[in-house]
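S.K.: I have a structure I would like to understand better, so I am pasting it below and will then ask my questions one at a time.
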Amino acid sequence: MTVAFILILLLLLSLAAASHYFYTMAIARRPKTFLAGNPDLKDTPVSDPVWLDAQPLEAWELVSGDGLRLKGYFLPALRDTSRIVLLAHGYSGSGKMHMNALAKLYHEELGYHVLLPDARGHGDSEGTYIGFGWPDRRDVLLWIGELIRRFGAEAQIVLHGVSMGGATVLMTAGEPLPPQVKAVVSDCAYTSVKDVLSYQLGRMYKLPAFPFIGMTSLITRLRSGYSFGEASALEAVRRAEKPILFIHGGADTFVPTPMVHRLMEACRGYKELFLVPGAGHGMAYTAAPEEYAWRVRQFTERFVHERAPQPVAQP
């Protein structure tokens with residue numbers, strides 16, 4: 001062997017080892033300790049787990065297209081309604097732990113039924129990897145089908161996600177959706193998995209995207225069935241036919257704010273933008289709760305309407 005060949009081999013082995021490390025750290029299901037102390041996540045979003053724990057949650061379950069048992073929690077509305085919101089949580093989170101404040105908003109103020117599914121690889125759902133929204137979009141389609149099965153053709157469904165959940169609902173919006181899905185709300189979503197991981201690789205590790213992102217994407221394709229390039233919310237919104245409300249913090253440095261402007265530009269359907277000055281990642285509701293609630297209400301009420309009370313038959 002020549003010295004040059006040995007050096008190339010060592011370089012390739014080092015690259016493979018580094019890519020395996022990044023896969024294990026970011027994609028594989030395991031505690032994400034690297035997020036602790038991240039200055040881009042220094043603030044904590046508003047949360048109300050005590051309120052949610054006191055609610056009459058129903059445990060739901062379905063099986064994904066690739067055989068995973070997925071869990072979700074359903075909170076019935078306070079009165080009869082056809083309005084339902086599916087809340088999609090973020091990276092390394094869960095529905096009950098991280099979407100309880102928005103669940104309270106939709107349930108208490110807006111009068112919705114609330115579904116809180118745990119994404120594959122998260123919470124009480126099965127799965128050995130994180131899908132960053134791409135395989136999850138198919139799971140959301142199954143949850144939508146389950147809602148329609150239970151509530152019928154009159155169901156009016158809103159998809160609302162935060163961070164990875166925001167990207168998930170945008171990726172779902174790029175699929176053919178039934179008429180029962182009326183609107184999408186995406187809070188601090190990234191443009192694509194490739195974009196956000198390239199950004200984080202540079203910000204957290206001071207490393208270039210090439211060649212690490214490509215190699216880690218290849219490992220992800222082989223072990224988890226998807227690649228970073230195809231997992232694109234940006235491409236999905238080009239195909240989306242449902243109205244979308246884009247929300248983002250003006251000081252988001254974890255999923256940088258310019259990404260929302262790219263998503264807005266790519267979206268060809270009805271769209272609105274709510275930018276919260278000074279808010280960090282996932283902090284829009286915490287920073288401006290009253291305006292956030294008003295924006296969500298006025299947007300959803302354009303497309304979701306209160307069902308007229310059903311007449312009671314005379315005895």
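By convention in this document, the chains of the structure tokens carry letters A, B, ... by their order, each chain's residues are numbered from 1, and ligands are numbered from 1 in the order they are shown.
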Could you please write out, as a ChimeraX atom specification, every residue of segment 63-294 of chain A that DSSP assigns to strand (DSSP E)?
M.R.: /A:63,69-75,83-88,113-117,156-162,181-187,244-249,271-276
S.K.: How would the residues just picked look written out with C-alpha atoms as a PDB file, in the first residue's frame?
M.R.:
```pdb
ATOM      1  CA  VAL A  63     -50.305   1.157  13.558  1.00  0.00           C
ATOM      2  CA  ARG A  69     -47.525   1.247  17.273  1.00  0.00           C
ATOM      3  CA  LEU A  70     -48.180   4.969  17.505  1.00  0.00           C
ATOM      4  CA  LYS A  71     -49.803   6.534  20.563  1.00  0.00           C
ATOM      5  CA  GLY A  72     -51.841   9.687  20.892  1.00  0.00           C
ATOM      6  CA  TYR A  73     -53.999  11.382  23.499  1.00  0.00           C
ATOM      7  CA  PHE A  74     -57.393  12.844  22.739  1.00  0.00           C
ATOM      8  CA  LEU A  75     -59.148  15.562  24.725  1.00  0.00           C
ATOM      9  CA  ARG A  83     -63.707  21.360  15.149  1.00  0.00           C
ATOM     10  CA  ILE A  84     -60.577  19.327  15.875  1.00  0.00           C
ATOM     11  CA  VAL A  85     -56.910  20.304  16.133  1.00  0.00           C
ATOM     12  CA  LEU A  86     -54.012  17.900  15.720  1.00  0.00           C
ATOM     13  CA  LEU A  87     -50.987  19.279  17.598  1.00  0.00           C
ATOM     14  CA  ALA A  88     -47.569  18.085  16.381  1.00  0.00           C
ATOM     15  CA  HIS A 113     -61.364  18.733  20.339  1.00  0.00           C
ATOM     16  CA  VAL A 114     -57.591  18.197  20.720  1.00  0.00           C
ATOM     17  CA  LEU A 115     -55.459  15.288  19.498  1.00  0.00           C
ATOM     18  CA  LEU A 116     -51.893  15.046  20.836  1.00  0.00           C
ATOM     19  CA  PRO A 117     -50.036  12.296  18.951  1.00  0.00           C
ATOM     20  CA  GLN A 156     -63.109  20.125  10.457  1.00  0.00           C
ATOM     21  CA  ILE A 157     -59.431  19.539  11.158  1.00  0.00           C
ATOM     22  CA  VAL A 158     -56.619  22.014  11.795  1.00  0.00           C
ATOM     23  CA  LEU A 159     -52.981  20.853  11.791  1.00  0.00           C
ATOM     24  CA  HIS A 160     -50.779  22.904  14.147  1.00  0.00           C
ATOM     25  CA  GLY A 161     -47.128  22.064  14.759  1.00  0.00           C
ATOM     26  CA  VAL A 162     -44.145  23.631  16.508  1.00  0.00           C
ATOM     27  CA  VAL A 181     -58.458  19.283   6.702  1.00  0.00           C
ATOM     28  CA  LYS A 182     -59.222  22.980   6.627  1.00  0.00           C
ATOM     29  CA  ALA A 183     -56.027  24.806   7.626  1.00  0.00           C
ATOM     30  CA  VAL A 184     -52.395  24.434   8.718  1.00  0.00           C
ATOM     31  CA  VAL A 185     -50.504  26.422  11.368  1.00  0.00           C
ATOM     32  CA  SER A 186     -46.714  26.049  11.307  1.00  0.00           C
ATOM     33  CA  ASP A 187     -44.688  27.568  14.147  1.00  0.00           C
ATOM     34  CA  ILE A 244     -51.128  28.059   5.929  1.00  0.00           C
ATOM     35  CA  LEU A 245     -50.336  30.406   8.817  1.00  0.00           C
ATOM     36  CA  PHE A 246     -46.557  30.699   9.245  1.00  0.00           C
ATOM     37  CA  ILE A 247     -45.351  31.754  12.719  1.00  0.00           C
ATOM     38  CA  HIS A 248     -41.752  32.421  13.703  1.00  0.00           C
ATOM     39  CA  GLY A 249     -39.747  34.216  16.368  1.00  0.00           C
ATOM     40  CA  LYS A 271     -50.817  32.182   3.429  1.00  0.00           C
ATOM     41  CA  GLU A 272     -50.312  34.519   6.351  1.00  0.00           C
ATOM     42  CA  LEU A 273     -47.190  35.398   8.356  1.00  0.00           C
ATOM     43  CA  PHE A 274     -47.019  36.164  12.067  1.00  0.00           C
ATOM     44  CA  LEU A 275     -43.517  37.227  13.092  1.00  0.00           C
ATOM     45  CA  VAL A 276     -42.928  37.864  16.814  1.00  0.00           C
TER      46      VAL A 276
END
```
S.K.: Which segment 242-281 of chain A residues have any atom within 7 Å of an atom of segment 36-60 of chain A, and for each, what is the nearest pair of atoms with distance in Å to one decimal, counting only C-alpha atoms, rows sorted by chain and number, as a tab-separated table?
M.R.:
```
residue	atom	partner	partner_atom	distance
A:Thr253	CA	A:Asp40	CA	5.6
A:Phe254	CA	A:Asp40	CA	5.3
A:His281	CA	A:Leu41	CA	6.6
```
S.K.: Write a file of the selected residues as a short mmCIF file (atom, residue, chain, number, x, y, z; two decimals), in the first residue's frame, keeping C-alpha atoms.
M.R.:
```
data_model
loop_
_atom_site.label_atom_id
_atom_site.label_comp_id
_atom_site.auth_asym_id
_atom_site.auth_seq_id
_atom_site.Cartn_x
_atom_site.Cartn_y
_atom_site.Cartn_z
CA THR A 253 -31.21 31.36 16.15
CA PHE A 254 -31.94 27.61 16.43
CA HIS A 281 -37.08 29.33 19.09
#
```
S.K.: Kindly indicate which residue among A:Tyr205, A:Tyr199, A:Trp294, A:Tyr190 lies nearest to Val260 of chain A, using only C-alpha atoms for the distances.
M.R.: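 Nearest candidate to Val260 of chain A out of A:Tyr205, A:Tyr199, A:Trp294, A:Tyr190: A:Tyr190.
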S.K.: Once DSSP has gone over the backbone, tell me which residues of segment 79-298 of chain A are in helix (DSSP H, G or I), as a PyMOL selection string.
M.R.: chain A and resi 95-98+100-109+134-151+164-173+193-205+212-224+233-239+258-266+284-287+289-298
S.K.: Give me a file of those residues, with C-alpha atoms, as an mmCIF file, in the first residue's frame.
M.R.:
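For reference, result32.cif as written:
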```cif
data_model
loop_
_atom_site.group_PDB
_atom_site.id
_atom_site.type_symbol
_atom_site.label_atom_id
_atom_site.label_comp_id
_atom_site.auth_asym_id
_atom_site.auth_seq_id
_atom_site.Cartn_x
_atom_site.Cartn_y
_atom_site.Cartn_z
ATOM 1 C CA GLY A 95 -47.555 15.642 22.826
ATOM 2 C CA LYS A 96 -48.548 15.743 26.479
ATOM 3 C CA MET A 97 -45.283 17.236 27.747
ATOM 4 C CA HIS A 98 -44.648 19.920 25.161
ATOM 5 C CA ASN A 100 -50.083 21.287 26.656
ATOM 6 C CA ALA A 101 -50.166 25.088 26.499
ATOM 7 C CA LEU A 102 -51.471 25.077 22.935
ATOM 8 C CA ALA A 103 -53.866 22.270 23.862
ATOM 9 C CA LYS A 104 -55.297 24.547 26.538
ATOM 10 C CA LEU A 105 -55.580 27.427 24.045
ATOM 11 C CA TYR A 106 -57.527 25.367 21.517
ATOM 12 C CA HIS A 107 -59.637 23.582 24.126
ATOM 13 C CA GLU A 108 -60.463 26.407 26.529
ATOM 14 C CA GLU A 109 -60.480 29.472 24.276
ATOM 15 C CA TRP A 134 -40.736 13.137 6.625
ATOM 16 C CA PRO A 135 -41.931 9.617 7.550
ATOM 17 C CA ASP A 136 -44.074 11.342 10.167
ATOM 18 C CA ARG A 137 -46.178 12.990 7.469
ATOM 19 C CA ARG A 138 -47.589 9.577 6.585
ATOM 20 C CA ASP A 139 -48.344 8.967 10.254
ATOM 21 C CA VAL A 140 -50.216 12.272 10.413
ATOM 22 C CA LEU A 141 -52.270 11.172 7.411
ATOM 23 C CA LEU A 142 -53.245 8.060 9.385
ATOM 24 C CA TRP A 143 -54.261 10.174 12.389
ATOM 25 C CA ILE A 144 -56.343 12.358 10.064
ATOM 26 C CA GLY A 145 -58.033 9.239 8.735
ATOM 27 C CA GLU A 146 -58.745 8.085 12.275
ATOM 28 C CA LEU A 147 -60.328 11.429 13.144
ATOM 29 C CA ILE A 148 -62.553 11.268 10.067
ATOM 30 C CA ARG A 149 -63.496 7.675 10.895
ATOM 31 C CA ARG A 150 -64.583 8.692 14.374
ATOM 32 C CA PHE A 151 -66.179 12.065 13.591
ATOM 33 C CA MET A 164 -40.112 19.762 14.006
ATOM 34 C CA GLY A 165 -43.887 19.529 14.376
ATOM 35 C CA GLY A 166 -44.220 22.675 12.286
ATOM 36 C CA ALA A 167 -42.128 21.090 9.539
ATOM 37 C CA THR A 168 -44.162 17.896 9.906
ATOM 38 C CA VAL A 169 -47.482 19.614 9.235
ATOM 39 C CA LEU A 170 -45.961 21.469 6.267
ATOM 40 C CA MET A 171 -44.669 18.209 4.814
ATOM 41 C CA THR A 172 -48.122 16.724 5.390
ATOM 42 C CA ALA A 173 -49.663 19.701 3.593
ATOM 43 C CA VAL A 193 -33.727 18.593 7.211
ATOM 44 C CA LYS A 194 -30.629 19.143 5.107
ATOM 45 C CA ASP A 195 -30.788 22.894 5.676
ATOM 46 C CA VAL A 196 -31.324 22.790 9.424
ATOM 47 C CA LEU A 197 -28.721 20.081 10.110
ATOM 48 C CA SER A 198 -26.169 21.861 7.925
ATOM 49 C CA TYR A 199 -26.856 25.042 9.862
ATOM 50 C CA GLN A 200 -26.583 23.301 13.238
ATOM 51 C CA LEU A 201 -23.401 21.463 12.236
ATOM 52 C CA GLY A 202 -21.750 24.782 11.538
ATOM 53 C CA ARG A 203 -23.191 26.555 14.554
ATOM 54 C CA MET A 204 -22.578 23.851 17.160
ATOM 55 C CA TYR A 205 -19.461 22.107 15.810
ATOM 56 C CA PHE A 212 -20.588 15.216 6.803
ATOM 57 C CA ILE A 213 -24.238 15.899 5.957
ATOM 58 C CA GLY A 214 -24.117 13.780 2.811
ATOM 59 C CA MET A 215 -22.550 10.823 4.597
ATOM 60 C CA THR A 216 -24.911 11.051 7.561
ATOM 61 C CA SER A 217 -27.825 11.283 5.129
ATOM 62 C CA LEU A 218 -26.627 8.083 3.454
ATOM 63 C CA ILE A 219 -26.504 6.299 6.809
ATOM 64 C CA THR A 220 -29.984 7.614 7.580
ATOM 65 C CA ARG A 221 -31.260 6.299 4.250
ATOM 66 C CA LEU A 222 -29.793 2.864 4.955
ATOM 67 C CA ARG A 223 -30.896 2.626 8.588
ATOM 68 C CA SER A 224 -34.065 4.729 8.730
ATOM 69 C CA ALA A 233 -40.912 21.392 3.906
ATOM 70 C CA LEU A 234 -39.884 23.931 1.262
ATOM 71 C CA GLU A 235 -40.806 21.592 -1.576
ATOM 72 C CA ALA A 236 -43.950 20.458 0.222
ATOM 73 C CA VAL A 237 -45.397 23.965 0.521
ATOM 74 C CA ARG A 238 -44.996 24.439 -3.232
ATOM 75 C CA ARG A 239 -47.578 21.658 -3.610
ATOM 76 C CA PRO A 258 -34.898 33.708 7.414
ATOM 77 C CA MET A 259 -36.171 30.161 6.873
ATOM 78 C CA VAL A 260 -39.766 31.289 7.401
ATOM 79 C CA HIS A 261 -39.402 33.898 4.660
ATOM 80 C CA ARG A 262 -38.197 31.226 2.249
ATOM 81 C CA LEU A 263 -41.185 29.071 3.167
ATOM 82 C CA MET A 264 -43.546 31.995 2.647
ATOM 83 C CA GLU A 265 -42.067 32.721 -0.770
ATOM 84 C CA ALA A 266 -42.355 29.085 -1.833
ATOM 85 C CA ALA A 284 -43.716 32.990 19.990
ATOM 86 C CA TYR A 285 -46.669 31.968 22.187
ATOM 87 C CA THR A 286 -44.731 32.708 25.378
ATOM 88 C CA ALA A 287 -43.599 36.119 24.120
ATOM 89 C CA PRO A 289 -49.738 34.993 24.095
ATOM 90 C CA GLU A 290 -52.664 37.335 23.456
ATOM 91 C CA GLU A 291 -51.645 38.230 19.913
ATOM 92 C CA TYR A 292 -50.732 34.599 19.180
ATOM 93 C CA ALA A 293 -54.198 33.478 20.291
ATOM 94 C CA TRP A 294 -55.857 36.243 18.265
ATOM 95 C CA ARG A 295 -53.840 35.429 15.135
ATOM 96 C CA VAL A 296 -54.639 31.727 15.379
ATOM 97 C CA ARG A 297 -58.316 32.470 16.008
ATOM 98 C CA GLN A 298 -58.768 34.908 13.123
#
```
S.K.: Would you please work out which residue, of A:Leu62, A:Leu177, A:Ala119, A:Ile130, is nearest to Lys242 of chain A when using only C-alpha atoms?
M.R.: A:Leu177
S.K.: Pick from A:Thr191, A:His89, A:His122, A:Met99: nearest to Lys32 of chain A, with only C-alpha atoms counted?
M.R.: A:His122
S.K.: Determine the nearest neighbour of Gly269 of chain A from the options A:Pro243, A:Pro256, A:Gly65, A:Gly152, counting only C-alpha atoms.
M.R.: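 Among A:Pro243, A:Pro256, A:Gly65, A:Gly152, it is A:Pro243 that comes nearest to Gly269 of chain A.
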S.K.: Ranking A:Gly225, A:Pro211, A:Gly282, A:Pro179 by minimum distance to Asp66 of chain A and counting only C-alpha atoms, which one comes first?
M.R.: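 The shortest atom-to-atom distance to Asp66 of chain A comes from A:Gly225.
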S.K.: Give the answer as one residue: which of A:His20, A:Lys206, A:Arg120, A:Arg302 has the shortest atom-to-atom distance to Leu68 of chain A, using only C-alpha atoms?
M.R.: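 Nearest candidate to Leu68 of chain A out of A:His20, A:Lys206, A:Arg120, A:Arg302: A:Arg120.
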